[in-house]
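Worksheet: the structure to be examined is printed underneath.
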Amino acid sequence: MKQVVHHRGTEHTEKTLVAFLCVLCVSVVFSVWVQAQARYEQTRAAMGTEFTIVAYGDDEARLESAVNRAFDLIQQLGRRWSNRLPQSELSDVNRRAAREAVSVPDDLLELLETSLRYSRQTGGAFDITVGPLVAAWGFVQGTGRIPGPPELAEARARSGWRKLRLDPAARTVSFATPGMQLDLGGIGKGYALDRAGSLLLQSDVTRALLTAGASSILALGPPPGANGWSVEIRDPVDREKSAARWDLSGSSLSTSANYEKFFRAGGRLYGHIMDPRTGYPAQGTLSVSVVAATATESDALSTAAFVMGKQGTLRYLQSHPGIRVFLCSESGCEWLAANAPTVP
């Protein structure tokens, strides 16, 4: 009997030793694999900000080639869809669409259709026709000013997402009112990140982080040895501090805040994010960060949530589960999600 017990004990010890050696072997192989992964990083100016791409892979030369192609696409989209370059596609639309239906490429039509969908879903809180309002409040060329009632009324008459007419069959865009101006600043960077990310995936680059200034971040697969890319959300009052963290992988995070462009008048702060429904800068919110599946979605919804505020955002989230919102107001910061006001 003792021999049997002794035999089983030895067998157990041997299995434990083998298991330990297997785990040790896997750990060593994984460590070597992590160290063998090449890292490539590049930054370029585009769309009025700096884009950065960090990518990991087995071959640095292939990474560099893929990242270069992704950046070429981002810069091309920036030139095509700038409302400040006279020769851009968007400037051509802004000049002609009140007089005639203007033919546009498929990708621009797709982005305009997506923008109108977000306008409908948010009750007009997101609106790419706010160009006249932004100009009236002095945020295009200057640091901001309060427009007079006649000027504000005129700007409101020349904006409004319902006045943007799309004909998908004919692939055309037209305006219902003269003087309208499309501005893709609230969604264009996110869309460019998504397009660039798709191009990287087509080149078998599956571990990468793409950023568009401080506004939007798109994460493909996580970096080696991690579950995600750790992203800090700045405190809108003290920007040297972090208000929250989020691990991104296969998702995007975008932030809208009033600390970039604003002015004070009569003891009140006026930021550059317009509430298209009132014609005035949105009030009550300091910053909003949105986590969503795509950068196009997070970019647009961070603007919309900033305008809608806490209660409007919570109503929106009830019919859009899966989206997470970190909203900061003068009363503090909190995570918002469908069916749960807070997220741990």
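To be explicit about the labels: the chains of the structure tokens are called A, B, and onward in the order shown, and within each one the residues are counted from 1, while ligands get numbers from 1 in the order they are shown.
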Next on the checklist: Just list as a PyMOL selection string whatever in range 154-209 of chain A DSSP marks as helix (DSSP H, G or I).
Outcome noted: chain A and resi 154-157+161-163+188-202
Item to check | Polymer residues at most 10 Å from Asn258 in chain A, only C-alpha atoms, same-chain spacing of 2 or more positions, as a ChimeraX atom specification | outcome: /A:236,256,260-263,269-273,281-283,285-288,306
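Of the residues under consideration (A:Arg156, A:Arg264, A:Arg195, A:Arg84), A:Arg195 shows the shortest atom-to-atom contact distance to Arg69 in chain A when counting only C-alpha atoms.
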Checklist entry - Looking at A:Ser331, A:Ser242, A:Gln318, A:Ser254, which one is nearest to Gly213 in chain A, with distances taken over only C-alpha atoms? => result A:Ser254
Next on the checklist: So that I can see what lies close to Lys189 in chain A, please list as a VMD selection string the residues with an atom at most 9 Å from it, counting only C-alpha atoms and leaving out residues fewer than 5 positions away in the same chain.
Outcome noted: chain A and resid 47 74 78 184 194 212 215 to 216 295 to 296 299
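For the set A:Ala300, A:Val231, A:Val290, A:Ala219, the residue with the smallest atom-to-atom gap to Leu327 in chain A is A:Val290, counting only C-alpha atoms.
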Next on the checklist: Let me make sure I understand: among A:Gly160, A:Leu133, A:Leu210, A:Arg117, which one has the smallest atom-to-atom distance to Ile53 in chain A if we use only C-alpha atoms?
Outcome noted: A:Leu210
Item to check | Pick from A:Val102, A:Ile187, A:Ala61, A:Val54 nearest to Thr114 in chain A, counting only C-alpha atoms | outcome: A:Ile187
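The two atoms in question, CA of Leu317 in chain A and CA of Arg234 in chain A, are spaced 22.7 Å apart.
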